[in-house]
>>> print(open('protein-v4.pdb').read())   # PDB, C-alpha atoms
ATOM      1  CA  THR L   1      37.058  -6.176  15.991
ATOM      2  CA  THR L   2      36.929  -5.020  12.389
ATOM      3  CA  LEU L   3      34.672  -7.929  11.464
ATOM      4  CA  LEU L   4      32.317  -7.156  14.356
ATOM      5  CA  LYS L   5      32.219  -3.483  13.377
ATOM      6  CA  ASN L   6      31.406  -4.400   9.768
ATOM      7  CA  ILE L   7      28.580  -6.678  10.916
ATOM      8  CA  LEU L   8      27.164  -3.970  13.190
ATOM      9  CA  ASP L   9      27.422  -1.385  10.417
ATOM     10  CA  GLU L  10      25.629  -3.722   8.027
ATOM     11  CA  GLN L  11      22.849  -4.339  10.555
ATOM     12  CA  GLU L  12      22.478  -0.583  11.109
ATOM     13  CA  ILE L  13      22.150  -0.007   7.358
ATOM     14  CA  LYS L  14      19.502  -2.746   7.126
ATOM     15  CA  LEU L  15      17.602  -1.226  10.044
ATOM     16  CA  GLU L  16      17.719   2.223   8.451
ATOM     17  CA  THR L  17      16.537   0.775   5.133
ATOM     18  CA  GLU L  18      13.582  -0.909   6.850
ATOM     19  CA  LYS L  19      12.684   2.356   8.604
ATOM     20  CA  ASN L  20      12.779   4.187   5.270
ATOM     21  CA  LYS L  21      10.544   1.507   3.706
ATOM     22  CA  GLU L  22       8.012   1.863   6.516
ATOM     23  CA  LEU L  23       8.073   5.658   6.245
ATOM     24  CA  THR L  24       7.519   5.492   2.477
ATOM     25  CA  THR L  25       4.592   3.099   2.855
ATOM     26  CA  ASP L  26       3.037   5.181   5.667
ATOM     27  CA  MET L  27       3.252   8.311   3.509
ATOM     28  CA  ILE L  28       1.647   6.491   0.588
ATOM     29  CA  LYS L  29      -1.155   5.218   2.835
ATOM     30  CA  ALA L  30      -1.831   8.754   4.051
ATOM     31  CA  LEU L  31      -2.092   9.945   0.441
ATOM     32  CA  VAL L  32      -4.339   7.020  -0.499
ATOM     33  CA  LYS L  33      -6.728   7.746   2.384
ATOM     34  CA  THR L  34      -7.072  11.317   1.119
ATOM     35  CA  ILE L  35      -7.989  10.016  -2.342
ATOM     36  CA  ASN L  36     -10.389   7.404  -0.954
ATOM     37  CA  ALA L  37     -12.245  10.123   0.944
ATOM     38  CA  LYS L  38     -13.676  11.255  -2.420
ATOM     39  CA  ASP L  39     -15.767   8.099  -2.562
ATOM     40  CA  PRO L  40     -17.217   6.627   0.650
ATOM     41  CA  TYR L  41     -18.088   3.398  -1.163
ATOM     42  CA  THR L  42     -14.479   2.640  -2.085
ATOM     43  CA  ASN L  43     -12.934   3.918   1.150
ATOM     44  CA  GLY L  44     -10.321   1.361   2.184
ATOM     45  CA  HIS L  45     -10.326  -0.260  -1.274
ATOM     46  CA  SER L  46      -6.700   0.545  -2.134
ATOM     47  CA  ILE L  47      -5.357  -0.728   1.193
ATOM     48  CA  ARG L  48      -7.362  -3.960   0.860
ATOM     49  CA  VAL L  49      -6.130  -4.382  -2.711
ATOM     50  CA  ALA L  50      -2.550  -3.892  -1.524
ATOM     51  CA  GLU L  51      -2.936  -6.494   1.220
ATOM     52  CA  TYR L  52      -4.563  -9.042  -1.099
ATOM     53  CA  THR L  53      -1.892  -8.258  -3.708
ATOM     54  CA  ARG L  54       0.891  -9.034  -1.259
ATOM     55  CA  MET L  55      -0.702 -12.393  -0.406
ATOM     56  CA  LEU L  56      -1.112 -13.267  -4.087
ATOM     57  CA  ALA L  57       2.341 -11.959  -5.003
ATOM     58  CA  GLU L  58       3.912 -14.323  -2.478
ATOM     59  CA  GLN L  59       2.958 -17.081  -4.939
ATOM     60  CA  ALA L  60       5.105 -15.432  -7.644
ATOM     61  CA  TYR L  61       7.787 -13.432  -5.794
ATOM     62  CA  THR L  62      10.139 -14.511  -3.031
ATOM     63  CA  ASP L  63      12.313 -11.410  -2.646
ATOM     64  CA  SER L  64      11.133  -9.173   0.225
ATOM     65  CA  ASP L  65      12.044  -5.989  -1.674
ATOM     66  CA  GLU L  66       9.908  -7.077  -4.638
ATOM     67  CA  LEU L  67       6.988  -7.826  -2.315
ATOM     68  CA  HIS L  68       7.380  -4.419  -0.695
ATOM     69  CA  ASN L  69       7.443  -2.718  -4.102
ATOM     70  CA  ILE L  70       4.346  -4.487  -5.397
ATOM     71  CA  TYR L  71       2.521  -3.610  -2.172
ATOM     72  CA  ASN L  72       3.202   0.080  -2.833
ATOM     73  CA  ILE L  73       2.325  -0.316  -6.518
ATOM     74  CA  ALA L  74      -1.059  -1.718  -5.451
ATOM     75  CA  LEU L  75      -1.618   1.037  -2.888
ATOM     76  CA  LEU L  76      -1.298   3.638  -5.634
ATOM     77  CA  HIS L  77      -3.216   1.876  -8.402
ATOM     78  CA  ASP L  78      -6.226   4.236  -8.175
ATOM     79  CA  ILE L  79      -4.357   7.487  -7.531
ATOM     80  CA  GLY L  80      -5.632   8.823 -10.879
ATOM     81  CA  LYS L  81      -9.177   8.942  -9.478
ATOM     82  CA  ILE L  82      -8.201  12.151  -7.714
ATOM     83  CA  GLY L  83      -8.908  13.848 -11.047
ATOM     84  CA  ILE L  84     -12.433  12.462 -11.490
ATOM     85  CA  PRO L  85     -15.303  14.861 -10.643
ATOM     86  CA  ASP L  86     -17.259  13.878  -7.510
ATOM     87  CA  ASN L  87     -20.586  13.792  -9.368
ATOM     88  CA  ILE L  88     -19.226  11.019 -11.593
ATOM     89  CA  ILE L  89     -17.247   8.983  -9.072
ATOM     90  CA  ASN L  90     -20.165   9.000  -6.609
ATOM     91  CA  LYS L  91     -22.958   8.518  -9.149
ATOM     92  CA  PRO L  92     -25.362   5.865  -7.814
ATOM     93  CA  GLY L  93     -26.791   4.870 -11.183
ATOM     94  CA  LYS L  94     -25.361   3.577 -14.444
ATOM     95  CA  LEU L  95     -22.685   5.735 -16.063
ATOM     96  CA  THR L  96     -23.182   7.202 -19.509
ATOM     97  CA  ASP L  97     -20.627   6.358 -22.203
ATOM     98  CA  GLU L  98     -19.052   9.783 -21.743
ATOM     99  CA  GLU L  99     -18.869   9.378 -17.961
ATOM    100  CA  PHE L 100     -17.313   5.929 -18.315
ATOM    101  CA  LYS L 101     -14.723   7.448 -20.635
ATOM    102  CA  VAL L 102     -13.852   9.923 -17.856
ATOM    103  CA  ILE L 103     -13.572   7.063 -15.344
ATOM    104  CA  LYS L 104     -11.260   5.119 -17.664
ATOM    105  CA  GLY L 105      -9.011   8.167 -17.832
ATOM    106  CA  HIS L 106      -7.875   7.574 -14.248
ATOM    107  CA  THR L 107      -5.314   5.083 -15.544
ATOM    108  CA  LEU L 108      -3.470   7.697 -17.609
ATOM    109  CA  THR L 109      -3.905  10.403 -14.968
ATOM    110  CA  GLY L 110      -2.400   8.083 -12.364
ATOM    111  CA  ALA L 111       0.528   7.223 -14.623
ATOM    112  CA  LYS L 112       1.189  10.907 -15.266
ATOM    113  CA  ILE L 113       1.184  11.706 -11.535
ATOM    114  CA  LEU L 114       3.487   8.803 -10.669
ATOM    115  CA  SER L 115       5.873   9.531 -13.547
ATOM    116  CA  GLU L 116       7.168  12.386 -11.392
ATOM    117  CA  ILE L 117       8.651   9.838  -8.957
ATOM    118  CA  LYS L 118      11.880   9.220 -10.872
ATOM    119  CA  SER L 119      13.403   7.004  -8.165
ATOM    120  CA  ALA L 120      10.618   4.391  -8.481
ATOM    121  CA  PRO L 121       9.446   4.229 -12.131
ATOM    122  CA  GLU L 122       7.773   0.848 -11.501
ATOM    123  CA  LEU L 123       5.027   2.579  -9.486
ATOM    124  CA  ILE L 124       3.426   3.582 -12.791
ATOM    125  CA  TYR L 125       2.641  -0.011 -13.789
ATOM    126  CA  GLY L 126      -0.211  -0.611 -11.348
ATOM    127  CA  ALA L 127      -1.896   2.728 -11.986
ATOM    128  CA  LYS L 128      -1.645   2.580 -15.766
ATOM    129  CA  TYR L 129      -2.166  -1.096 -16.527
ATOM    130  CA  HIS L 130      -4.458  -2.609 -13.859
ATOM    131  CA  HIS L 131      -7.417  -2.547 -16.282
ATOM    132  CA  GLU L 132      -5.533  -4.313 -19.067
ATOM    133  CA  ARG L 133      -6.642  -7.914 -19.674
ATOM    134  CA  TYR L 134      -4.727 -10.955 -20.886
ATOM    135  CA  ASP L 135      -6.702 -11.247 -24.143
ATOM    136  CA  GLY L 136      -6.081  -7.609 -25.098
ATOM    137  CA  SER L 137      -9.618  -6.428 -24.294
ATOM    138  CA  GLY L 138      -8.577  -4.020 -21.524
ATOM    139  CA  TYR L 139      -7.480  -0.399 -21.450
ATOM    140  CA  PRO L 140      -5.811   2.070 -21.892
ATOM    141  CA  ASP L 141      -3.416   0.444 -24.393
ATOM    142  CA  GLY L 142      -5.047  -2.907 -25.169
ATOM    143  CA  LEU L 143      -1.944  -4.795 -24.071
ATOM    144  CA  LYS L 144      -2.071  -8.546 -24.477
ATOM    145  CA  GLY L 145      -0.556 -11.489 -22.607
ATOM    146  CA  ASP L 146       2.800 -10.853 -21.007
ATOM    147  CA  GLU L 147       2.981  -7.397 -22.553
ATOM    148  CA  ILE L 148       1.173  -6.503 -19.325
ATOM    149  CA  PRO L 149       3.666  -6.238 -16.435
ATOM    150  CA  LEU L 150       3.114  -9.101 -13.982
ATOM    151  CA  CYS L 151       2.606  -6.707 -11.061
ATOM    152  CA  ALA L 152      -0.212  -4.998 -13.000
ATOM    153  CA  GLN L 153      -1.796  -8.355 -13.840
ATOM    154  CA  ILE L 154      -1.844  -9.212 -10.127
ATOM    155  CA  VAL L 155      -3.222  -5.827  -9.084
ATOM    156  CA  GLY L 156      -5.859  -5.978 -11.835
ATOM    157  CA  LEU L 157      -7.138  -9.369 -10.724
ATOM    158  CA  VAL L 158      -7.246  -8.402  -7.058
ATOM    159  CA  ASP L 159      -8.898  -5.065  -7.904
ATOM    160  CA  ALA L 160     -11.679  -6.968  -9.685
ATOM    161  CA  TYR L 161     -12.062  -9.332  -6.724
ATOM    162  CA  ASP L 162     -12.336  -6.545  -4.143
ATOM    163  CA  ALA L 163     -14.912  -4.716  -6.259
ATOM    164  CA  LEU L 164     -17.038  -7.872  -6.279
ATOM    165  CA  VAL L 165     -16.912  -8.480  -2.520
ATOM    166  CA  SER L 166     -17.564  -4.807  -1.664
ATOM    167  CA  VAL L 167     -20.780  -2.799  -1.590
ATOM    168  CA  ARG L 168     -21.012  -0.241  -4.390
ATOM    169  CA  PRO L 169     -23.816   2.215  -5.265
ATOM    170  CA  TYR L 170     -24.738   0.023  -8.233
ATOM    171  CA  LYS L 171     -24.291  -3.496  -6.763
ATOM    172  CA  ARG L 172     -24.600  -5.692  -3.702
ATOM    173  CA  LYS L 173     -21.691  -7.296  -1.897
ATOM    174  CA  LEU L 174     -20.962 -10.765  -3.257
ATOM    175  CA  LYS L 175     -19.765 -13.698  -1.195
ATOM    176  CA  HIS L 176     -16.102 -14.718  -1.365
ATOM    177  CA  GLU L 177     -16.879 -18.007  -3.154
ATOM    178  CA  GLU L 178     -19.142 -16.300  -5.690
ATOM    179  CA  ALA L 179     -16.453 -13.732  -6.521
ATOM    180  CA  ILE L 180     -13.846 -16.458  -7.068
ATOM    181  CA  ARG L 181     -16.238 -18.344  -9.371
ATOM    182  CA  MET L 182     -16.963 -15.243 -11.452
ATOM    183  CA  ILE L 183     -13.282 -14.408 -11.882
ATOM    184  CA  ALA L 184     -12.377 -18.024 -12.713
ATOM    185  CA  ASN L 185     -15.183 -18.074 -15.312
ATOM    186  CA  GLY L 186     -13.860 -14.949 -17.015
ATOM    187  CA  GLU L 187     -16.789 -12.736 -16.035
ATOM    188  CA  CYS L 188     -14.397  -9.950 -14.987
ATOM    189  CA  GLY L 189     -12.144 -10.213 -18.003
ATOM    190  CA  VAL L 190      -9.493 -12.724 -19.024
ATOM    191  CA  PHE L 191      -6.504 -13.397 -16.766
ATOM    192  CA  SER L 192      -3.626 -15.825 -17.356
ATOM    193  CA  LYS L 193      -4.297 -19.428 -16.314
ATOM    194  CA  LYS L 194      -1.175 -19.482 -14.168
ATOM    195  CA  LEU L 195      -2.191 -16.313 -12.339
ATOM    196  CA  LEU L 196      -5.704 -17.678 -11.791
ATOM    197  CA  GLN L 197      -4.245 -20.817 -10.221
ATOM    198  CA  CYS L 198      -2.112 -18.705  -7.885
ATOM    199  CA  PHE L 199      -5.130 -16.528  -7.062
ATOM    200  CA  ILE L 200      -7.322 -19.481  -6.124
ATOM    201  CA  ALA L 201      -4.553 -20.921  -3.932
ATOM    202  CA  ALA L 202      -3.994 -17.567  -2.190
ATOM    203  CA  ALA L 203      -7.720 -16.886  -1.782
ATOM    204  CA  MET L 204      -8.157 -20.184   0.068
ATOM    205  CA  GLN L 205      -5.827 -19.032   2.847
ATOM    206  CA  LYS L 206      -7.451 -18.315   6.223
ATOM    207  CA  GLU L 207      -5.954 -14.809   6.330
ATOM    208  CA  TRP L 208      -7.525 -13.946   2.951
ATOM    209  CA  ILE L 209     -10.951 -15.332   3.825
ATOM    210  CA  LYS L 210     -10.933 -13.535   7.190
ATOM    211  CA  LYS L 211     -10.197 -10.233   5.441
ATOM    212  CA  ALA L 212     -12.899 -10.852   2.831
ATOM    213  CA  ASP L 213     -15.497 -11.549   5.515
ATOM    214  CA  SER L 214     -14.597  -8.520   7.674
TER     215      SER L 214
END
>>> encode(input="protein-v4.pdb", output="structure tokens")
Amino acid sequence: TTLLKNILDEQEIKLETEKNKELTTDMIKALVKTINAKDPYTNGHSIRVAEYTRMLAEQAYTDSDELHNIYNIALLHDIGKIGIPDNIINKPGKLTDEEFKVIKGHTLTGAKILSEIKSAPELIYGAKYHHERYDGSGYPDGLKGDEIPLCAQIVGLVDAYDALVSVRPYKRKLKHEEAIRMIANGECGVFSKKLLQCFIAAAMQKEWIKKADS
């Protein structure tokens, strides 16, 4: 009887934990949709990035909690854009150097916002470091190699991919195969060879291709 009770109690705790995870993710999605509303061209971008990130992360992570965390990290990677003026974020033409500097600031703004969530400090990594690149050419800190948290490397690669296969004021939508070629050739910055291999494997999955074509 005691053993059965312990098993039932454990199952109840697991169920409650799953409910809390779902609630957290739903709340984050609601926040992300509010942010995305600032820019009709990137509406849905963060959710797509999160879904692609989870598929790619399955090549590197096996723990379900880690996959859940990196999904939320990806959802929030652009939260700092809430501080960018509409006339800059929605500008149809080429940005000036000063405007691009403002855009780049979304990484630090996002990190500052997420630093208030003391119970999940890892949420900062995606927001702050998704524009870092493996050769040190990225921003805001010019991190190099594995100085960049793996979750941020994954989010950064997927963020670049989704930008390529989406319509933007300044560019056409590229085909899935063309986007993969450009990323593999280093046209979107340098990523680790191992991560690129995982990306290509993940991007060949039917689920990924279906999402890219939708």
>>> atom_distance(input="protein-v4.pdb", atom1="atom CA of Ile148 of chain L", atom2="atom CA of Asn69 of chain L")
16.9 Å
>>> residues_around(input="protein-v4.pdb", residues="segment 43-56 of chain L", least_positions_apart="6", cutoff="6 Å", atoms="only C-alpha atoms", output="ChimeraX atom specification")
/L:36,71,74-75,159,199,202
>>> closest_residue(input="protein-v4.pdb", among="L:Gly145, L:Gly83, L:Gly189, L:Gly93", to="Gly110 of chain L", atoms="only C-alpha atoms")
L:Gly83
>>> closest_residue(input="protein-v4.pdb", among="L:Ile73, L:Leu174, L:Lys104, L:Glu58", to="Thr25 of chain L", atoms="all atoms listed in the file")
L:Ile73
>>> resolve_selection(input="protein-v4.pdb", expression="the PyMOL selection byres ((chain L and resi 188) around 10)", output="list in words")
Arg133, Gly156, Leu157, Ala160, Tyr161, Leu164, Ala179, Met182, Ile183, Ala184, Asn185, Gly186, Glu187, Gly189, Val190 and Phe191 of chain L
>>> closest_residue(input="protein-v4.pdb", among="L:Leu67, L:Ile154, L:Ala60, L:Ile103", to="Lys21 of chain L", atoms="all atoms listed in the file")
L:Leu67
>>> residues_around(input="protein-v4.pdb", residues="Thr109 of chain L", least_positions_apart="2", cutoff="10 Å", atoms="all atoms listed in the file", output="NGL selection string")
:L and (78-84 or 104-107 or 111-115 or 127-128)
>>> atom_distance(input="protein-v4.pdb", atom1="atom CA of Met204 of chain L", atom2="atom CA of Gln59 of chain L")
12.6 Å
>>> closest_residue(input="protein-v4.pdb", among="L:Ile117, L:Val32, L:Leu108, L:Val165", to="Tyr139 of chain L", atoms="only C-alpha atoms")
L:Leu108
>>> closest_residue(input="protein-v4.pdb", among="L:Gly126, L:Pro92, L:Pro121, L:Pro85", to="Cys151 of chain L", atoms="only C-alpha atoms")
L:Gly126
